file coords_27.pdb (PDB, C-alpha atoms, pLDDT in the B column)
MODEL        1
ATOM      1  CA  SER I   1      11.466  -3.363   9.305  1.00 42.00           C
ATOM      2  CA  SER I   2      13.130  -1.906  12.405  1.00 47.00           C
ATOM      3  CA  THR I   3      16.795  -1.688  11.394  1.00 52.00           C
ATOM      4  CA  VAL I   4      18.459   0.541   8.813  1.00 65.00           C
ATOM      5  CA  ASP I   5      20.227  -2.439   7.196  1.00 85.00           C
ATOM      6  CA  ILE I   6      16.935  -4.054   6.214  1.00 87.00           C
ATOM      7  CA  VAL I   7      14.349  -2.413   3.963  1.00 90.00           C
ATOM      8  CA  ASP I   8      10.974  -3.607   2.737  1.00 92.00           C
ATOM      9  CA  GLU I   9      10.034  -3.191  -0.927  1.00 94.00           C
ATOM     10  CA  VAL I  10       6.213  -3.051  -1.042  1.00 95.00           C
ATOM     11  CA  HIS I  11       4.107  -3.879  -4.106  1.00 97.00           C
ATOM     12  CA  VAL I  12       0.320  -3.295  -4.039  1.00 96.00           C
ATOM     13  CA  PHE I  13      -2.408  -4.148  -6.542  1.00 97.00           C
ATOM     14  CA  VAL I  14      -6.113  -3.250  -6.428  1.00 95.00           C
ATOM     15  CA  ASN I  15      -9.284  -4.014  -8.303  1.00 94.00           C
ATOM     16  CA  ASN I  16     -12.775  -2.576  -8.123  1.00 94.00           C
ATOM     17  CA  THR I  17     -15.844  -4.804  -8.534  1.00 93.00           C
ATOM     18  CA  SER I  18     -18.431  -2.007  -8.336  1.00 92.00           C
ATOM     19  CA  ALA I  19     -20.219  -0.218 -11.177  1.00 92.00           C
ATOM     20  CA  GLY I  20     -18.521   3.125 -10.394  1.00 92.00           C
ATOM     21  CA  ALA I  21     -15.017   4.428  -9.747  1.00 93.00           C
ATOM     22  CA  LEU I  22     -13.903   4.288  -6.099  1.00 93.00           C
ATOM     23  CA  ASP I  23     -11.110   6.060  -4.242  1.00 93.00           C
ATOM     24  CA  VAL I  24      -8.478   4.221  -2.219  1.00 93.00           C
ATOM     25  CA  THR I  25      -6.168   6.208   0.049  1.00 93.00           C
ATOM     26  CA  PHE I  26      -2.694   4.963   0.961  1.00 93.00           C
ATOM     27  CA  GLN I  27      -0.673   6.282   3.873  1.00 92.00           C
ATOM     28  CA  THR I  28       2.433   5.401   5.835  1.00 88.00           C
ATOM     29  CA  ALA I  29       2.362   5.184   9.593  1.00 87.00           C
ATOM     30  CA  THR I  30       4.684   4.715  12.546  1.00 82.00           C
ATOM     31  CA  GLY I  31       3.496   3.388  15.872  1.00 70.00           C
ATOM     32  CA  ALA I  32      -0.117   3.178  16.995  1.00 68.00           C
ATOM     33  CA  GLY I  33      -0.705   6.919  17.272  1.00 65.00           C
ATOM     34  CA  ALA I  34      -1.612   9.551  14.730  1.00 63.00           C
ATOM     35  CA  ASP I  35       1.801   9.613  13.038  1.00 78.00           C
ATOM     36  CA  ARG I  36       0.439   9.107   9.535  1.00 83.00           C
ATOM     37  CA  THR I  37       1.464  10.600   6.211  1.00 86.00           C
ATOM     38  CA  GLU I  38      -0.867  10.370   3.234  1.00 88.00           C
ATOM     39  CA  LEU I  39       0.926   9.124   0.126  1.00 89.00           C
ATOM     40  CA  ALA I  40      -1.853   9.206  -2.450  1.00 92.00           C
ATOM     41  CA  THR I  41      -5.551   8.823  -3.107  1.00 94.00           C
ATOM     42  CA  ILE I  42      -6.108   6.766  -6.235  1.00 94.00           C
ATOM     43  CA  SER I  43      -9.361   6.590  -8.167  1.00 94.00           C
ATOM     44  CA  VAL I  44      -9.835   2.962  -9.216  1.00 94.00           C
ATOM     45  CA  PRO I  45     -12.044   2.671 -12.312  1.00 94.00           C
ATOM     46  CA  ALA I  46     -15.201   0.544 -12.264  1.00 94.00           C
ATOM     47  CA  LYS I  47     -15.015  -3.185 -12.959  1.00 95.00           C
ATOM     48  CA  THR I  48     -11.216  -3.279 -13.177  1.00 93.00           C
ATOM     49  CA  GLU I  49      -8.932  -6.252 -13.180  1.00 93.00           C
ATOM     50  CA  LEU I  50      -5.902  -6.064 -10.871  1.00 94.00           C
ATOM     51  CA  ILE I  51      -3.878  -2.913 -11.451  1.00 95.00           C
ATOM     52  CA  SER I  52      -0.539  -2.015  -9.907  1.00 96.00           C
ATOM     53  CA  VAL I  53      -0.825   1.064  -7.704  1.00 94.00           C
ATOM     54  CA  ILE I  54       2.382   0.849  -5.650  1.00 94.00           C
ATOM     55  CA  PRO I  55       5.219  -0.704  -7.672  1.00 94.00           C
ATOM     56  CA  GLY I  56       8.045  -1.049  -5.158  1.00 94.00           C
ATOM     57  CA  LEU I  57       7.744   1.545  -2.387  1.00 92.00           C
ATOM     58  CA  ILE I  58      10.722   1.269  -0.009  1.00 91.00           C
ATOM     59  CA  LEU I  59       9.861   1.330   3.708  1.00 88.00           C
ATOM     60  CA  SER I  60      12.208   1.014   6.671  1.00 83.00           C
ATOM     61  CA  ASP I  61      12.625   2.003  10.298  1.00 76.00           C
ATOM     62  CA  GLY I  62       9.301   0.560  11.491  1.00 79.00           C
ATOM     63  CA  TYR I  63       7.071   2.258   8.911  1.00 85.00           C
ATOM     64  CA  ARG I  64       4.009   0.437   7.679  1.00 86.00           C
ATOM     65  CA  LEU I  65       1.647   0.978   4.762  1.00 90.00           C
ATOM     66  CA  GLU I  66      -2.087   1.438   5.375  1.00 90.00           C
ATOM     67  CA  ALA I  67      -4.946   1.649   2.883  1.00 90.00           C
ATOM     68  CA  TYR I  68      -8.600   2.513   3.178  1.00 87.00           C
ATOM     69  CA  ALA I  69     -11.589   3.021   0.928  1.00 85.00           C
ATOM     70  CA  PRO I  70     -14.064   5.341   2.659  1.00 75.00           C
ATOM     71  CA  THR I  71     -17.074   4.386   0.500  1.00 73.00           C
ATOM     72  CA  THR I  72     -18.254   0.822  -0.252  1.00 69.00           C
ATOM     73  CA  PRO I  73     -14.995  -0.802   0.894  1.00 68.00           C
ATOM     74  CA  SER I  74     -16.353  -4.284   0.119  1.00 84.00           C
ATOM     75  CA  SER I  75     -16.064  -3.462  -3.603  1.00 90.00           C
ATOM     76  CA  ILE I  76     -12.299  -2.879  -3.431  1.00 92.00           C
ATOM     77  CA  ASN I  77      -9.819  -5.748  -3.252  1.00 92.00           C
ATOM     78  CA  ILE I  78      -6.247  -4.994  -2.226  1.00 93.00           C
ATOM     79  CA  PHE I  79      -3.432  -7.494  -2.732  1.00 95.00           C
ATOM     80  CA  GLY I  80       0.282  -7.183  -2.333  1.00 95.00           C
ATOM     81  CA  PHE I  81       3.606  -8.590  -1.365  1.00 96.00           C
ATOM     82  CA  VAL I  82       6.806  -7.455   0.308  1.00 94.00           C
ATOM     83  CA  ASN I  83      10.401  -8.181  -0.629  1.00 94.00           C
ATOM     84  CA  ARG I  84      12.558  -7.873   2.485  1.00 92.00           C
ATOM     85  CA  ILE I  85      16.026  -6.755   1.451  1.00 91.00           C
ATOM     86  CA  ASP I  86      19.064  -7.132   3.694  1.00 89.00           C
ATOM     87  CA  GLN I  87      21.494  -4.482   2.512  1.00 85.00           C
ATOM     88  CA  ASN I  88      24.441  -6.240   4.172  1.00 82.00           C
ATOM     89  CA  THR I  89      24.385  -9.240   1.842  1.00 71.00           C
TER      90      THR I  89
ENDMDL
END

call {"tool": "encode", "arguments": {"input": "coords_27.pdb", "output": "structure tokens"}}
result
Amino acid sequence: SSTVDIVDEVHVFVNNTSAGALDVTFQTATGAGADRTELATISVPAKTELISVIPGLILSDGYRLEAYAPTTPSSINIFGFVNRIDQNT
């Protein structure tokens, strides 16, 4: 979101379909440049069902959430949703 009166509450879930644990790194970013801040690298156990990894992170002022899995990314599934909250209502 780009205004201070509106915030985004982000929820993210992952699962791993491979036979071994895999790391997923989450970071926030602003703009298209290198303005990134790593939040966490999470080791997702092998053959997991969906697990909650980000349960309601608040983002505002044009921030976005990025995720990547540097090894065998096709074995990681990432799902999520955003609640947009208008703080004026």

call {"tool": "atom_distance", "arguments": {"input": "coords_27.pdb", "atom1": "atom CA of Tyr68 of chain I", "atom2": "atom CA of Glu9 of chain I"}}
result
19.9 Å

call {"tool": "resolve_selection", "arguments": {"input": "coords_27.pdb", "expression": "the PyMOL selection byres ((chain I and resi 39) around 9)", "output": "VMD selection string"}}
result
chain I and resid 25 to 28 37 to 38 40 to 41

call {"tool": "resolve_selection", "arguments": {"input": "coords_27.pdb", "expression": "the PyMOL selection byres ((chain I and resi 63-65) around 10)", "output": "PyMOL selection string"}}
result
chain I and resi 1-2+7-8+10+12+26-31+35-39+57-62+66-67

call {"tool": "closest_residue", "arguments": {"input": "coords_27.pdb", "among": "I:Val14, I:Pro70, I:Asn77, I:Ala21", "to": "Leu50 of chain I", "atoms": "all atoms listed in the file"}}
result
I:Val14

call {"tool": "residues_around", "arguments": {"input": "coords_27.pdb", "residues": "Ala46 of chain I", "least_positions_apart": "5", "cutoff": "8 Å", "atoms": "all atoms listed in the file", "output": "PDB file with C-alpha atoms, in the frame of the given file"}}
result
ATOM      1  CA  ASN I  16     -12.775  -2.576  -8.123  1.00 94.00           C
ATOM      2  CA  THR I  17     -15.844  -4.804  -8.534  1.00 93.00           C
ATOM      3  CA  SER I  18     -18.431  -2.007  -8.336  1.00 92.00           C
ATOM      4  CA  ALA I  19     -20.219  -0.218 -11.177  1.00 92.00           C
ATOM      5  CA  GLY I  20     -18.521   3.125 -10.394  1.00 92.00           C
ATOM      6  CA  ALA I  21     -15.017   4.428  -9.747  1.00 93.00           C
ATOM      7  CA  LEU I  22     -13.903   4.288  -6.099  1.00 93.00           C
TER       8      LEU I  22
END

call {"tool": "atom_distance", "arguments": {"input": "coords_27.pdb", "atom1": "atom CA of Val44 of chain I", "atom2": "atom CA of Ile85 of chain I"}}
result
29.6 Å

call {"tool": "atom_distance", "arguments": {"input": "coords_27.pdb", "atom1": "atom CA of Gly56 of chain I", "atom2": "atom CA of Ser43 of chain I"}}
result
19.2 Å

call {"tool": "axis_aligned_box", "arguments": {"input": "coords_27.pdb", "around": "segment 79-83 of chain I", "padding_each_side": "5 Å", "output": "JSON"}}
result
{"center_x": 3.5, "center_y": -7.9, "center_z": -1.2, "size_x": 23.8, "size_y": 11.4, "size_z": 13.0}

call {"tool": "build_atoms", "arguments": {"input": "coords_27.pdb", "residues": "segment 50-61 of chain I", "atoms": "all heavy atoms", "output": "short mmCIF file (atom, residue, chain, number, x, y, z; two decimals), keeping the file's coordinate frame"}}
result
data_model
loop_
_atom_site.label_atom_id
_atom_site.label_comp_id
_atom_site.auth_asym_id
_atom_site.auth_seq_id
_atom_site.Cartn_x
_atom_site.Cartn_y
_atom_site.Cartn_z
N LEU I 50 -6.97 -6.55 -11.75
CA LEU I 50 -5.90 -6.06 -10.87
C LEU I 50 -5.03 -5.05 -11.59
O LEU I 50 -4.59 -5.29 -12.72
CB LEU I 50 -5.02 -7.21 -10.40
CG LEU I 50 -5.58 -8.08 -9.29
CD1 LEU I 50 -4.63 -9.22 -8.98
CD2 LEU I 50 -5.85 -7.27 -8.04
N ILE I 51 -4.80 -3.91 -10.92
CA ILE I 51 -3.88 -2.91 -11.45
C ILE I 51 -2.83 -2.61 -10.38
O ILE I 51 -3.13 -2.63 -9.19
CB ILE I 51 -4.60 -1.62 -11.90
CG1 ILE I 51 -5.41 -1.01 -10.76
CG2 ILE I 51 -5.48 -1.88 -13.10
CD1 ILE I 51 -6.03 0.33 -11.08
N SER I 52 -1.62 -2.35 -10.83
CA SER I 52 -0.54 -2.02 -9.91
C SER I 52 -0.68 -0.56 -9.50
O SER I 52 -0.75 0.33 -10.34
CB SER I 52 0.81 -2.24 -10.59
OG SER I 52 1.86 -1.82 -9.75
N VAL I 53 -0.72 -0.31 -8.19
CA VAL I 53 -0.82 1.06 -7.70
C VAL I 53 0.39 1.49 -6.89
O VAL I 53 0.66 2.68 -6.77
CB VAL I 53 -2.12 1.30 -6.89
CG1 VAL I 53 -3.34 1.19 -7.78
CG2 VAL I 53 -2.24 0.35 -5.72
N ILE I 54 1.13 0.54 -6.35
CA ILE I 54 2.38 0.85 -5.65
C ILE I 54 3.42 -0.16 -6.12
O ILE I 54 3.45 -1.30 -5.66
CB ILE I 54 2.22 0.81 -4.12
CG1 ILE I 54 1.20 1.86 -3.69
CG2 ILE I 54 3.56 1.03 -3.43
CD1 ILE I 54 0.95 1.93 -2.21
N PRO I 55 4.27 0.23 -7.07
CA PRO I 55 5.22 -0.70 -7.67
C PRO I 55 6.61 -0.68 -7.05
O PRO I 55 7.60 -0.37 -7.71
CB PRO I 55 5.25 -0.24 -9.12
CG PRO I 55 5.07 1.24 -9.02
CD PRO I 55 4.16 1.46 -7.83
N GLY I 56 6.72 -0.96 -5.76
CA GLY I 56 8.04 -1.05 -5.16
C GLY I 56 8.41 0.07 -4.22
O GLY I 56 9.55 0.53 -4.21
N LEU I 57 7.47 0.52 -3.40
CA LEU I 57 7.74 1.54 -2.39
C LEU I 57 8.70 0.98 -1.34
O LEU I 57 8.49 -0.13 -0.83
CB LEU I 57 6.44 1.98 -1.72
CG LEU I 57 6.55 2.94 -0.54
CD1 LEU I 57 7.04 4.31 -1.02
CD2 LEU I 57 5.21 3.07 0.16
N ILE I 58 9.75 1.71 -1.01
CA ILE I 58 10.72 1.27 -0.01
C ILE I 58 10.33 1.84 1.35
O ILE I 58 10.18 3.04 1.51
CB ILE I 58 12.15 1.72 -0.37
CG1 ILE I 58 12.57 1.15 -1.73
CG2 ILE I 58 13.14 1.34 0.73
CD1 ILE I 58 12.67 -0.35 -1.78
N LEU I 59 10.15 0.93 2.33
CA LEU I 59 9.86 1.33 3.71
C LEU I 59 10.92 0.75 4.62
O LEU I 59 11.42 -0.35 4.40
CB LEU I 59 8.49 0.81 4.15
CG LEU I 59 7.27 1.37 3.43
CD1 LEU I 59 6.00 0.68 3.91
CD2 LEU I 59 7.17 2.87 3.64
N SER I 60 11.25 1.50 5.67
CA SER I 60 12.21 1.01 6.67
C SER I 60 11.91 1.69 8.00
O SER I 60 10.99 2.50 8.10
CB SER I 60 13.65 1.30 6.22
OG SER I 60 13.86 2.70 6.13
N ASP I 61 12.69 1.37 8.99
CA ASP I 61 12.62 2.00 10.30
C ASP I 61 11.25 1.91 10.96
O ASP I 61 10.77 2.86 11.57
CB ASP I 61 13.05 3.49 10.23
CG ASP I 61 14.50 3.62 9.78
OD1 ASP I 61 15.30 2.75 10.13
OD2 ASP I 61 14.81 4.60 9.09
#
